[in-house]
$ cat my_file16.cif   # mmCIF, C-alpha atoms (C1' of nucleotides)
data_target
loop_
_atom_site.label_atom_id
_atom_site.label_comp_id
_atom_site.auth_asym_id
_atom_site.auth_seq_id
_atom_site.Cartn_x
_atom_site.Cartn_y
_atom_site.Cartn_z
CA MET A 1 152.95 115.77 60.96
CA HIS A 2 152.63 116.57 64.66
CA LYS A 3 150.78 119.75 63.82
CA ASN A 4 147.48 117.96 63.61
CA LEU A 5 148.04 116.64 67.10
CA PHE A 6 148.90 120.07 68.50
CA ALA A 7 145.79 121.49 66.92
CA TYR A 8 143.73 118.66 68.37
CA ILE A 9 145.11 119.17 71.86
CA ASN A 10 144.61 122.92 71.75
CA LYS A 11 141.06 122.44 70.58
CA HIS A 12 140.28 120.12 73.46
CA SER A 13 141.95 121.92 76.33
CA THR A 14 141.67 125.33 77.92
CA SER A 15 145.29 126.53 77.82
CA PRO A 16 147.26 126.44 74.54
CA LEU A 17 150.52 124.49 74.35
CA THR A 18 153.79 126.35 74.79
CA SER A 19 156.55 125.67 72.30
CA GLU A 20 158.49 123.74 74.95
CA GLU A 21 155.49 121.53 75.49
CA GLU A 22 155.13 121.03 71.76
CA ALA A 23 158.75 119.97 71.55
CA LEU A 24 158.22 117.47 74.35
CA ILE A 25 155.18 116.02 72.66
CA GLU A 26 156.98 115.82 69.35
CA ALA A 27 159.82 113.92 71.01
CA THR A 28 157.46 111.43 72.63
CA PHE A 29 154.83 110.59 70.03
CA GLN A 30 156.39 108.33 67.41
CA PRO A 31 155.22 108.37 63.79
CA LYS A 32 153.93 105.05 62.54
CA LYS A 33 152.73 104.17 59.07
CA LEU A 34 150.43 101.31 58.31
CA ARG A 35 149.57 99.99 54.89
CA LYS A 36 146.00 98.96 54.21
CA LYS A 37 145.15 95.73 56.07
CA GLN A 38 148.16 95.91 58.37
CA TYR A 39 147.51 95.24 62.03
CA PHE A 40 147.95 97.83 64.73
CA LEU A 41 146.78 95.35 67.38
CA GLN A 42 146.20 91.61 67.16
CA GLU A 43 143.94 89.55 69.36
CA GLY A 44 145.93 87.96 72.16
CA ASP A 45 148.52 90.72 72.32
CA VAL A 46 148.61 93.35 75.03
CA CYS A 47 147.73 96.74 73.55
CA LYS A 48 150.95 98.62 74.07
CA TYR A 49 150.24 101.77 72.09
CA THR A 50 147.55 104.36 71.70
CA GLY A 51 147.56 105.92 68.26
CA PHE A 52 146.38 109.32 67.13
CA ILE A 53 145.31 109.10 63.51
CA VAL A 54 146.76 111.85 61.37
CA LYS A 55 145.60 110.40 58.08
CA GLY A 56 143.74 107.24 57.18
CA ALA A 57 140.98 104.97 58.43
CA MET A 58 140.97 102.00 60.79
CA ARG A 59 138.63 99.55 62.43
CA GLN A 60 138.53 97.60 65.69
CA TYR A 61 136.76 94.25 65.81
CA SER A 62 136.48 90.92 67.52
CA VAL A 63 136.18 87.55 65.81
CA ASP A 64 133.73 84.99 67.19
CA ASP A 65 133.88 81.18 67.25
CA LYS A 66 132.35 80.99 63.79
CA GLY A 67 134.93 83.35 62.38
CA SER A 68 132.57 86.29 61.97
CA GLU A 69 133.92 89.75 62.62
CA HIS A 70 132.10 92.15 64.92
CA ILE A 71 133.21 95.72 64.42
CA VAL A 72 133.18 97.73 67.63
CA HIS A 73 134.90 100.92 66.49
CA LEU A 74 135.69 102.83 63.35
CA TYR A 75 138.40 105.44 63.29
CA ILE A 76 139.38 108.22 60.90
CA GLU A 77 141.51 111.36 61.15
CA ASN A 78 141.66 112.86 64.66
CA TYR A 79 140.48 109.69 66.37
CA TRP A 80 142.45 107.72 68.93
CA ALA A 81 142.81 104.02 68.26
CA THR A 82 143.42 101.76 71.24
CA ASP A 83 141.98 99.02 73.40
CA ARG A 84 141.81 100.77 76.74
CA GLU A 85 141.05 97.66 78.74
CA SER A 86 144.09 95.84 77.48
CA SER A 87 146.27 98.91 77.66
CA ILE A 88 145.30 99.77 81.24
CA MET A 89 144.98 96.27 82.68
CA LEU A 90 147.85 94.83 80.65
CA THR A 91 145.67 91.89 79.69
CA PRO A 92 145.66 90.24 76.26
CA SER A 93 143.21 92.00 73.98
CA VAL A 94 140.18 90.26 72.52
CA TYR A 95 140.23 92.74 69.65
CA ASN A 96 142.03 93.36 66.43
CA ILE A 97 142.74 96.83 65.11
CA ASP A 98 143.84 97.18 61.52
CA ALA A 99 144.15 99.79 58.81
CA TRP A 100 141.27 100.04 56.38
CA GLU A 101 143.18 102.59 54.34
CA ASP A 102 146.86 103.44 54.33
CA THR A 103 147.26 105.24 57.64
CA GLU A 104 149.65 107.59 59.38
CA MET A 105 149.55 107.66 63.14
CA LEU A 106 151.39 109.12 66.10
CA ILE A 107 151.77 106.51 68.78
CA ILE A 108 152.55 106.60 72.48
CA THR A 109 152.67 104.08 75.31
CA ARG A 110 150.54 104.44 78.41
CA ALA A 111 153.60 105.00 80.59
CA GLU A 112 154.80 107.77 78.29
CA MET A 113 151.39 109.35 78.31
CA LEU A 114 151.15 109.31 82.10
CA ASP A 115 154.57 110.87 82.22
CA LEU A 116 153.63 113.59 79.73
CA MET A 117 150.51 114.35 81.70
CA LYS A 118 152.62 115.19 84.72
CA LYS A 119 154.60 117.67 82.67
CA ILE A 120 151.87 119.18 80.51
CA PRO A 121 148.73 120.37 82.29
CA ALA A 122 146.88 120.91 79.02
CA LEU A 123 147.10 117.19 78.38
CA VAL A 124 145.28 116.29 81.58
CA ASN A 125 142.68 118.73 80.51
CA MET A 126 142.40 117.22 77.09
CA ILE A 127 142.10 113.70 78.43
CA GLN A 128 139.30 114.71 80.75
CA HIS A 129 137.53 116.38 77.89
CA MET A 130 138.01 113.36 75.67
CA ASP A 131 136.73 111.03 78.36
CA GLU A 132 133.61 113.12 78.66
CA ARG A 133 132.96 113.15 74.94
CA ASN A 134 133.65 109.48 74.86
CA ALA A 135 131.27 108.69 77.67
CA ILE A 136 128.56 110.69 75.95
CA ALA A 137 129.09 109.02 72.59
CA ASN A 138 129.13 105.56 74.18
CA GLN A 139 125.96 106.30 76.07
CA ARG A 140 124.21 107.34 72.90
CA ARG A 141 125.34 104.33 70.98
CA LEU A 142 124.38 101.93 73.73
CA SER A 143 121.02 103.55 74.15
CA SER A 144 120.34 103.35 70.44
CA THR A 145 121.44 99.74 70.30
CA ILE A 146 119.13 98.51 73.03
CA SER A 147 116.18 100.78 72.27
CA ASN A 148 115.89 100.98 68.49
CA THR A 149 115.22 98.71 65.52
CA ALA A 150 117.95 98.15 62.99
CA GLU A 151 116.36 100.69 60.69
CA LYS A 152 116.37 103.48 63.24
CA ARG A 153 119.91 102.63 64.31
CA TYR A 154 121.10 103.00 60.74
CA GLU A 155 119.26 106.27 60.40
CA GLU A 156 120.76 107.66 63.62
CA PHE A 157 124.18 106.43 62.62
CA GLY A 158 123.90 108.23 59.30
CA ASN A 159 122.95 111.44 61.05
CA ASN A 160 125.70 111.22 63.63
CA HIS A 161 128.49 109.92 61.39
CA PRO A 162 128.03 110.90 57.76
CA GLN A 163 131.83 110.73 57.31
CA PHE A 164 131.85 107.03 58.13
CA ILE A 165 129.18 106.24 55.59
CA GLN A 166 131.29 107.76 52.87
CA ARG A 167 134.47 106.16 54.06
CA PHE A 168 133.59 102.57 54.84
CA PRO A 169 131.67 100.02 52.72
CA GLN A 170 128.22 98.90 53.73
CA HIS A 171 129.16 95.52 55.11
CA ILE A 172 131.46 97.24 57.58
CA ILE A 173 128.73 99.64 58.66
CA ALA A 174 126.35 96.72 59.04
CA SER A 175 128.74 94.92 61.35
CA TYR A 176 129.24 98.09 63.37
CA LEU A 177 125.48 98.30 63.81
CA GLY A 178 125.27 94.67 64.82
CA ILE A 179 123.31 93.48 61.78
CA THR A 180 124.18 91.48 58.68
CA LYS A 181 125.08 93.06 55.38
CA GLU A 182 121.99 91.54 53.78
CA THR A 183 119.71 93.12 56.35
CA LEU A 184 121.34 96.50 55.88
CA SER A 185 120.96 96.18 52.14
CA ARG A 186 117.23 95.53 52.56
CA ILE A 187 116.80 98.35 55.04
CA ARG A 188 118.35 100.78 52.60
CA LYS A 189 116.15 99.54 49.82
CA GLN A 190 113.08 100.11 51.95
CA ALA A 191 114.19 103.55 53.10
CA MET A 192 114.82 104.68 49.56
CA LYS A 193 111.16 105.44 48.97
CA MET B 194 127.13 109.10 105.94
CA HIS B 195 130.01 110.72 104.07
CA LYS B 196 132.32 107.98 105.26
CA ASN B 197 131.35 105.72 102.39
CA LEU B 198 132.28 108.47 99.98
CA PHE B 199 135.66 109.03 101.62
CA ALA B 200 136.36 105.34 101.46
CA TYR B 201 135.34 105.27 97.82
CA ILE B 202 137.59 108.19 96.93
CA ASN B 203 140.56 106.76 98.79
CA LYS B 204 140.07 103.45 97.08
CA HIS B 205 140.10 105.04 93.64
CA SER B 206 142.92 107.50 94.01
CA THR B 207 146.60 107.30 94.83
CA SER B 208 146.88 109.76 97.72
CA PRO B 209 144.55 109.48 100.72
CA LEU B 210 142.36 112.45 101.70
CA THR B 211 143.54 114.79 104.44
CA SER B 212 141.08 115.73 107.13
CA GLU B 213 140.78 119.24 105.69
CA GLU B 214 139.87 117.76 102.35
CA GLU B 215 137.33 115.52 103.98
CA ALA B 216 135.77 118.51 105.67
CA LEU B 217 135.55 120.31 102.36
CA ILE B 218 133.91 117.35 100.71
CA GLU B 219 131.48 116.95 103.56
CA ALA B 220 130.51 120.60 103.24
CA THR B 221 129.90 120.31 99.51
CA PHE B 222 128.14 117.01 98.96
CA GLN B 223 124.54 117.34 100.14
CA PRO B 224 122.61 114.38 101.53
CA LYS B 225 119.47 113.53 99.62
CA LYS B 226 116.93 110.85 100.41
CA LEU B 227 114.60 109.36 97.86
CA ARG B 228 111.68 107.10 98.60
CA LYS B 229 111.07 104.18 96.28
CA LYS B 230 109.76 105.41 92.90
CA GLN B 231 110.77 109.01 93.46
CA TYR B 232 112.52 110.73 90.59
CA PHE B 233 116.09 111.93 90.74
CA LEU B 234 115.90 113.15 87.14
CA GLN B 235 112.92 113.53 84.83
CA GLU B 236 113.00 113.51 81.05
CA GLY B 237 113.08 117.06 79.75
CA ASP B 238 114.92 118.48 82.73
CA VAL B 239 118.58 119.38 82.71
CA CYS B 240 120.50 116.98 84.94
CA LYS B 241 121.76 119.32 87.61
CA TYR B 242 123.17 116.84 90.09
CA THR B 243 125.43 113.85 90.17
CA GLY B 244 124.62 111.52 93.02
CA PHE B 245 126.82 109.08 94.87
CA ILE B 246 124.67 106.26 96.21
CA VAL B 247 125.34 105.47 99.84
CA LYS B 248 122.44 103.10 100.22
CA GLY B 249 119.73 101.93 97.86
CA ALA B 250 119.14 101.08 94.21
CA MET B 251 118.20 103.16 91.19
CA ARG B 252 117.63 102.89 87.48
CA GLN B 253 118.05 105.14 84.46
CA TYR B 254 115.78 104.67 81.46
CA SER B 255 114.21 106.29 78.44
CA VAL B 256 110.60 105.95 77.37
CA ASP B 257 109.82 105.45 73.67
CA ASP B 258 106.82 106.58 71.59
CA LYS B 259 104.88 103.48 72.57
CA GLY B 260 105.46 104.12 76.24
CA SER B 261 107.93 101.27 76.71
CA GLU B 262 110.81 101.81 79.09
CA HIS B 263 114.37 101.06 78.02
CA ILE B 264 116.71 100.73 80.96
CA VAL B 265 120.20 101.99 80.22
CA HIS B 266 121.74 101.87 83.69
CA LEU B 267 121.25 100.24 87.03
CA TYR B 268 122.82 101.65 90.16
CA ILE B 269 123.43 100.37 93.66
CA GLU B 270 125.70 101.36 96.54
CA ASN B 271 128.93 103.08 95.47
CA TYR B 272 127.65 103.93 92.01
CA TRP B 273 127.29 107.42 90.59
CA ALA B 274 123.90 108.28 89.13
CA THR B 275 123.81 111.02 86.52
CA ASP B 276 123.18 111.80 82.87
CA ARG B 277 126.56 113.09 81.83
CA GLU B 278 125.46 114.42 78.48
CA SER B 279 122.75 116.57 80.00
CA SER B 280 124.91 117.60 82.93
CA ILE B 281 127.87 118.63 80.77
CA MET B 282 126.03 120.08 77.79
CA LEU B 283 123.22 121.56 79.87
CA THR B 284 120.70 120.07 77.46
CA PRO B 285 117.35 118.56 78.50
CA SER B 286 117.79 114.90 79.34
CA VAL B 287 116.05 112.17 77.40
CA TYR B 288 116.30 109.94 80.46
CA ASN B 289 114.57 109.39 83.75
CA ILE B 290 116.40 108.31 86.86
CA ASP B 291 114.36 107.07 89.79
CA ALA B 292 114.77 105.12 92.99
CA TRP B 293 114.00 101.43 92.81
CA GLU B 294 114.47 101.10 96.55
CA ASP B 295 114.52 103.78 99.24
CA THR B 296 117.82 105.47 98.57
CA GLU B 297 120.32 107.72 100.31
CA MET B 298 122.62 109.76 98.13
CA LEU B 299 125.21 112.48 98.34
CA ILE B 300 124.69 114.96 95.56
CA ILE B 301 126.82 117.62 93.96
CA THR B 302 126.52 119.96 90.98
CA ARG B 303 129.01 119.94 88.14
CA ALA B 304 130.21 123.42 89.04
CA GLU B 305 130.83 122.36 92.62
CA MET B 306 132.65 119.28 91.44
CA LEU B 307 134.92 121.23 89.10
CA ASP B 308 135.65 123.58 91.95
CA LEU B 309 136.45 120.74 94.34
CA MET B 310 138.75 119.18 91.77
CA LYS B 311 140.84 122.35 91.77
CA LYS B 312 141.25 122.10 95.51
CA ILE B 313 141.63 118.36 95.98
CA PRO B 314 144.14 116.57 93.74
CA ALA B 315 142.93 113.14 94.82
CA LEU B 316 139.58 113.92 93.24
CA VAL B 317 141.07 114.51 89.82
CA ASN B 318 142.78 111.24 90.25
CA MET B 319 139.59 109.49 91.22
CA ILE B 320 137.68 110.93 88.28
CA GLN B 321 140.33 109.75 85.85
CA HIS B 322 140.24 106.34 87.38
CA MET B 323 136.44 106.25 87.26
CA ASP B 324 136.44 107.35 83.64
CA GLU B 325 138.78 104.53 82.78
CA ARG B 326 136.69 101.92 84.54
CA ASN B 327 133.65 103.36 82.95
CA ALA B 328 135.11 103.28 79.47
CA ILE B 329 136.10 99.66 79.97
CA ALA B 330 132.70 98.63 81.27
CA ASN B 331 130.93 100.45 78.45
CA GLN B 332 133.14 98.83 75.88
CA ARG B 333 132.37 95.39 77.25
CA ARG B 334 128.68 96.00 77.33
CA LEU B 335 128.59 97.40 73.83
CA SER B 336 130.67 94.56 72.50
CA SER B 337 128.41 92.01 74.12
CA THR B 338 125.31 93.74 72.81
CA ILE B 339 126.35 93.77 69.19
CA SER B 340 128.15 90.43 69.13
CA ASN B 341 126.11 88.04 71.25
CA THR B 342 122.68 86.45 71.27
CA ALA B 343 120.27 87.34 74.05
CA GLU B 344 121.16 84.14 75.84
CA LYS B 345 124.88 84.85 75.93
CA ARG B 346 124.27 88.43 76.95
CA TYR B 347 122.26 87.28 79.93
CA GLU B 348 124.94 84.80 80.86
CA GLU B 349 127.69 87.41 80.67
CA PHE B 350 125.56 89.85 82.59
CA GLY B 351 125.07 87.33 85.35
CA ASN B 352 128.79 86.72 85.56
CA ASN B 353 129.69 90.39 85.60
CA HIS B 354 126.89 91.64 87.83
CA PRO B 355 125.60 89.00 90.21
CA GLN B 356 124.55 91.77 92.63
CA PHE B 357 122.11 93.21 90.11
CA ILE B 358 120.42 89.88 89.52
CA GLN B 359 119.66 89.61 93.21
CA ARG B 360 118.57 93.19 93.55
CA PHE B 361 116.35 93.87 90.53
CA PRO B 362 113.42 91.84 89.20
CA GLN B 363 113.70 89.98 85.95
CA HIS B 364 111.72 92.35 83.81
CA ILE B 365 114.15 95.12 84.73
CA ILE B 366 117.13 92.97 83.81
CA ALA B 367 115.44 92.06 80.54
CA SER B 368 114.99 95.70 79.63
CA TYR B 369 118.61 96.41 80.54
CA LEU B 370 119.66 93.65 78.15
CA GLY B 371 117.43 94.99 75.40
CA ILE B 372 115.02 92.05 75.34
CA THR B 373 111.45 91.52 76.56
CA LYS B 374 110.60 89.94 79.88
CA GLU B 375 108.95 87.01 78.10
CA THR B 376 112.10 86.28 76.13
CA LEU B 377 114.23 86.41 79.26
CA SER B 378 111.83 84.07 81.02
CA ARG B 379 112.17 81.57 78.18
CA ILE B 380 115.93 81.91 78.05
CA ARG B 381 116.16 81.11 81.73
CA LYS B 382 113.91 78.13 81.33
CA GLN B 383 116.14 76.80 78.55
CA ALA B 384 119.33 77.43 80.47
CA MET B 385 118.05 75.59 83.51
CA LYS B 386 118.93 72.23 82.07
"C1'" DC C 387 91.09 91.98 105.28
"C1'" DA C 388 89.93 92.92 100.55
"C1'" DA C 389 91.48 94.96 96.39
"C1'" DA C 390 95.01 96.26 93.50
"C1'" DA C 391 99.43 96.12 91.68
"C1'" DG C 392 103.61 93.73 90.62
"C1'" DC C 393 105.89 89.73 88.93
"C1'" DG C 394 107.01 85.65 86.36
"C1'" DT C 395 105.30 82.24 83.26
"C1'" DT C 396 103.13 80.06 79.22
"C1'" DG C 397 100.84 79.61 74.65
"C1'" DA C 398 99.73 81.21 70.05
"C1'" DT C 399 101.08 84.08 66.57
"C1'" DA C 400 103.55 87.85 64.13
"C1'" DA C 401 107.54 90.45 62.97
"C1'" DA C 402 112.43 91.16 62.64
"C1'" DT C 403 116.63 89.43 61.45
"C1'" DA C 404 119.99 85.72 60.15
"C1'" DT C 405 121.55 82.26 57.10
"C1'" DC C 406 122.75 80.19 52.77
"C1'" DA C 407 123.31 80.39 47.98
"C1'" DA C 408 123.77 82.67 43.83
"C1'" DC C 409 124.60 86.54 40.64
"C1'" DG C 410 126.60 90.78 38.38
"C1'" DC C 411 129.58 94.40 38.75
"C1'" DT C 412 133.91 96.71 39.99
"C1'" DT C 413 138.50 96.88 41.73
"C1'" DT C 414 142.75 94.79 42.78
"C1'" DT C 415 146.26 91.47 42.04
"C1'" DT C 416 149.08 88.55 39.35
"C1'" DA D 417 144.87 90.61 30.03
"C1'" DA D 418 143.20 87.15 32.96
"C1'" DA D 419 142.11 85.73 37.50
"C1'" DA D 420 140.81 86.70 41.99
"C1'" DA D 421 138.85 89.26 45.53
"C1'" DG D 422 135.65 92.61 47.21
"C1'" DC D 423 131.12 94.48 47.25
"C1'" DG D 424 126.19 94.96 47.10
"C1'" DT D 425 121.96 92.75 45.96
"C1'" DT D 426 118.20 89.37 45.76
"C1'" DG D 427 115.49 85.10 46.77
"C1'" DA D 428 114.20 81.27 49.68
"C1'" DT D 429 114.10 79.70 54.11
"C1'" DA D 430 115.23 79.25 59.14
"C1'" DT D 431 115.83 81.24 63.54
"C1'" DT D 432 115.31 84.59 66.97
"C1'" DT D 433 112.71 87.70 69.29
"C1'" DA D 434 108.44 90.56 69.99
"C1'" DT D 435 103.64 90.94 70.74
"C1'" DC D 436 99.27 89.96 72.79
"C1'" DA D 437 96.51 87.63 75.98
"C1'" DA D 438 95.80 85.02 79.91
"C1'" DC D 439 96.81 82.90 84.42
"C1'" DG D 440 98.50 82.08 89.27
"C1'" DC D 441 101.10 83.69 92.85
"C1'" DT D 442 102.98 87.20 96.00
"C1'" DT D 443 103.39 91.74 97.82
"C1'" DT D 444 101.68 96.17 98.64
"C1'" DT D 445 98.04 99.37 99.54
"C1'" DG D 446 93.79 101.29 101.16
#

$ encode --input "my_file16.cif" --output "structure tokens"
Amino acid sequence: MHKNLFAYINKHSTSPLTSEEEALIEATFQPKKLRKKQYFLQEGDVCKYTGFIVKGAMRQYSVDDKGSEHIVHLYIENYWATDRESSIMLTPSVYNIDAWEDTEMLIITRAEMLDLMKKIPALVNMIQHMDERNAIANQRRLSSTISNTAEKRYEEFGNNHPQFIQRFPQHIIASYLGITKETLSRIRKQAMK
Amino acid sequence: MHKNLFAYINKHSTSPLTSEEEALIEATFQPKKLRKKQYFLQEGDVCKYTGFIVKGAMRQYSVDDKGSEHIVHLYIENYWATDRESSIMLTPSVYNIDAWEDTEMLIITRAEMLDLMKKIPALVNMIQHMDERNAIANQRRLSSTISNTAEKRYEEFGNNHPQFIQRFPQHIIASYLGITKETLSRIRKQAMK
DNA sequence: CAAAAGCGTTGATAAATATCAACGCTTTTT
DNA sequence: AAAAAGCGTTGATATTTATCAACGCTTTTG
């Protein structure tokens, strides 16, 4: 099960893990299984863990006063699920994270991760790399959100994340894009020509 | 002039800079002055430099087919101006960055920065810290953009960035929020009650 | 100092998107 | 096997926001 994680780390760092380092990682990251609809994080709780998804699909969302969900992140295999703000600041999260499919994760606390980073240089490397990718992806998404119409956003999303379109139903995608499911349905109908 | 940068680094890292390290930083970061409206980065160019703003105000924006500007970032003192995607991937930028006020910066290339990070541990530390803050800020902005109405977004923006409201005219703020200047004007009129 | 450019506002109208309600189909649960 | 829940779609209508044009005021520029 930890093999996927080793592969991920090696892919995103310059120096490959030694077997001692692998053993250390294996001892620290705890396996965690979630059944569909189970919560990984609930609004109001401090986000204690960061989870690497080995298998499955998850979503992160907030719920507004009217009870509507606003999906801010979708996760599948090889993604990291967490609320960084809550995890770093130790403040109660405004988000929920739950499993959309049955999911297997490897979880770690922030303290454990900081500790591991001291012992495993490749990890620091990986984190830096991840942060860069993350910043780039966020920038793109933000830019698309403030610059484009709903139609173009959906189109760009489809190009950038074909996996998500296959994996999550339309109403979830709509929420992720910040539009209603009805609007997305109509956009698709239009685009079909 | 580099003193602001030293202070910034010390504030965002655990171990303070030694005087040797300061000397090294001073030798690497080049001063750069921009007059109001001058470009720091032009669409189509690869973003070669990252600039720490010592004094002044800048904006980053894209221009769409119709010639409208979409502002994605605003910068003032102690902010870093750059297009990370272009700088890291070495791809032509889709953004422009220019000076909104006369601006003094300290600039550095990515290669120089990576080199400095090898020599100065506190810098690695600072970058990690910056990336975290950045990720949190981006998350908040994204969340606000997809979840809230224009009115709430403006309100939140005002709470989070009072400095920007004083420093940039309304039509710039409007663009940053992804709405037109007319809409922002009407929102403000409403809110005045 | 005169002209031009920048800025914020307002009105009239158009376009984009949300809301509410209903329906048919499929999948899951009991 | 029946009931319930989930999903996507459509229609009618309301709301939000954009667009276009015009104006007055201030600041900058020649």

$ residues_near_point --input "my_file16.cif" --point "(104.1, 83.7, 65.2)" --cutoff "10 Å" --atoms "all atoms listed in the file" --output "list in words"
DA398, DT399, DA400 and DA401 of chain C; DA434 and DT435 of chain D

$ write_last_selection --input "my_file16.cif" --atoms "C-alpha atoms (C1' of nucleotides)" --output "PDB file, in the frame of the given file"
ATOM      1  C1'  DA C 398      99.730  81.210  70.050  1.00  0.00           C
ATOM      2  C1'  DT C 399     101.080  84.080  66.570  1.00  0.00           C
ATOM      3  C1'  DA C 400     103.550  87.850  64.130  1.00  0.00           C
ATOM      4  C1'  DA C 401     107.540  90.450  62.970  1.00  0.00           C
TER       5       DA C 401
ATOM      6  C1'  DA D 434     108.440  90.560  69.990  1.00  0.00           C
ATOM      7  C1'  DT D 435     103.640  90.940  70.740  1.00  0.00           C
TER       8       DT D 435
END

$ resolve_selection --input "my_file16.cif" --expression "the PyMOL selection byres ((chain A) within 12 of (chain C))" --output "list in words"
Asn148, Thr149, Ala150, Glu151, Gly178, Ile179, Thr180, Lys181, Glu182, Thr183, Leu184, Arg186 and Ile187 of chain A

$ resolve_selection --input "my_file16.cif" --expression "the PyMOL selection byres ((chain B) within 9 of (chain A))" --output "VMD selection string"
chain B and resid 255 257 262 to 265 276 to 278 281 320 to 321 324 to 332 334 to 336 338 to 340 368 to 372

$ atom_distance --input "my_file16.cif" --atom1 "CA of Thr296 in chain B" --atom2 "CA of Arg228 in chain B"
6.4 Å

$ closest_atom_pairs --input "my_file16.cif" --of "chain A" --to "chain D" --cutoff "8 Å" --atoms "only C-alpha atoms (C1' of nucleotides)" --output "JSON lines"
{"residue": "A:Pro169", "atom": "CA", "partner": "D:DC423", "partner_atom": "C1'", "distance": 7.8}
{"residue": "A:Gln170", "atom": "CA", "partner": "D:DG424", "partner_atom": "C1'", "distance": 8.0}
{"residue": "A:Glu182", "atom": "CA", "partner": "D:DT425", "partner_atom": "C1'", "distance": 7.9}
{"residue": "A:Ser185", "atom": "CA", "partner": "D:DT425", "partner_atom": "C1'", "distance": 7.1}

$ atom_distance --input "my_file16.cif" --atom1 "CA of Phe168 in chain A" --atom2 "CA of Tyr8 in chain A"
23.3 Å

$ residues_around --input "my_file16.cif" --residues "Thr207 in chain B" --least-positions-apart "4" --cutoff "9 Å" --atoms "all atoms listed in the file" --output "PyMOL selection string"
chain B and resi 203+315+318-319

$ write_last_selection --input "my_file16.cif" --atoms "C-alpha atoms" --output "short mmCIF file (atom, residue, chain, number, x, y, z; two decimals), in the coordinates of the input"
data_model
loop_
_atom_site.label_atom_id
_atom_site.label_comp_id
_atom_site.auth_asym_id
_atom_site.auth_seq_id
_atom_site.Cartn_x
_atom_site.Cartn_y
_atom_site.Cartn_z
CA ASN B 203 140.56 106.76 98.79
CA ALA B 315 142.93 113.14 94.82
CA ASN B 318 142.78 111.24 90.25
CA MET B 319 139.59 109.49 91.22
#

$ resolve_selection --input "my_file16.cif" --expression "the PyMOL selection byres ((chain B and resi 356) around 12)" --output "PDB file with C-alpha atoms, in the coordinates of the input"
ATOM      1  CA  ALA B 250     119.140 101.080  94.210  1.00  0.00           C
ATOM      2  CA  LEU B 267     121.250 100.240  87.030  1.00  0.00           C
ATOM      3  CA  TYR B 268     122.820 101.650  90.160  1.00  0.00           C
ATOM      4  CA  ILE B 269     123.430 100.370  93.660  1.00  0.00           C
ATOM      5  CA  GLU B 270     125.700 101.360  96.540  1.00  0.00           C
ATOM      6  CA  PHE B 350     125.560  89.850  82.590  1.00  0.00           C
ATOM      7  CA  GLY B 351     125.070  87.330  85.350  1.00  0.00           C
ATOM      8  CA  ASN B 352     128.790  86.720  85.560  1.00  0.00           C
ATOM      9  CA  ASN B 353     129.690  90.390  85.600  1.00  0.00           C
ATOM     10  CA  HIS B 354     126.890  91.640  87.830  1.00  0.00           C
ATOM     11  CA  PRO B 355     125.600  89.000  90.210  1.00  0.00           C
ATOM     12  CA  PHE B 357     122.110  93.210  90.110  1.00  0.00           C
ATOM     13  CA  ILE B 358     120.420  89.880  89.520  1.00  0.00           C
ATOM     14  CA  GLN B 359     119.660  89.610  93.210  1.00  0.00           C
ATOM     15  CA  ARG B 360     118.570  93.190  93.550  1.00  0.00           C
ATOM     16  CA  PHE B 361     116.350  93.870  90.530  1.00  0.00           C
ATOM     17  CA  PRO B 362     113.420  91.840  89.200  1.00  0.00           C
ATOM     18  CA  ILE B 366     117.130  92.970  83.810  1.00  0.00           C
TER      19      ILE B 366
END

$ atom_distance --input "my_file16.cif" --atom1 "CA of Tyr79 in chain A" --atom2 "CA of Leu283 in chain B"
24.9 Å

$ build_atoms --input "my_file16.cif" --residues "range 166-173 of chain A" --atoms "N, CA and C atoms" --output "PDB file, in the frame of the given file"
ATOM      1  N   GLN A 166     130.568 107.540  54.112  1.00  0.00           N
ATOM      2  CA  GLN A 166     131.290 107.760  52.870  1.00  0.00           C
ATOM      3  C   GLN A 166     132.604 106.970  52.828  1.00  0.00           C
ATOM      4  N   ARG A 167     133.116 106.685  53.986  1.00  0.00           N
ATOM      5  CA  ARG A 167     134.470 106.160  54.060  1.00  0.00           C
ATOM      6  C   ARG A 167     134.560 104.641  54.109  1.00  0.00           C
ATOM      7  N   PHE A 168     133.544 104.020  54.690  1.00  0.00           N
ATOM      8  CA  PHE A 168     133.590 102.570  54.840  1.00  0.00           C
ATOM      9  C   PHE A 168     132.464 101.908  54.031  1.00  0.00           C
ATOM     10  N   PRO A 169     132.716 100.714  53.492  1.00  0.00           N
ATOM     11  CA  PRO A 169     131.670 100.020  52.720  1.00  0.00           C
ATOM     12  C   PRO A 169     130.532  99.563  53.632  1.00  0.00           C
ATOM     13  N   GLN A 170     129.437  99.249  52.990  1.00  0.00           N
ATOM     14  CA  GLN A 170     128.220  98.900  53.730  1.00  0.00           C
ATOM     15  C   GLN A 170     128.367  97.704  54.656  1.00  0.00           C
ATOM     16  N   HIS A 171     129.113  96.703  54.236  1.00  0.00           N
ATOM     17  CA  HIS A 171     129.160  95.520  55.110  1.00  0.00           C
ATOM     18  C   HIS A 171     129.896  95.825  56.417  1.00  0.00           C
ATOM     19  N   ILE A 172     130.766  96.813  56.360  1.00  0.00           N
ATOM     20  CA  ILE A 172     131.460  97.240  57.580  1.00  0.00           C
ATOM     21  C   ILE A 172     130.501  98.003  58.500  1.00  0.00           C
ATOM     22  N   ILE A 173     129.722  98.884  57.894  1.00  0.00           N
ATOM     23  CA  ILE A 173     128.730  99.640  58.660  1.00  0.00           C
ATOM     24  C   ILE A 173     127.731  98.671  59.306  1.00  0.00           C
TER      25      ILE A 173
END
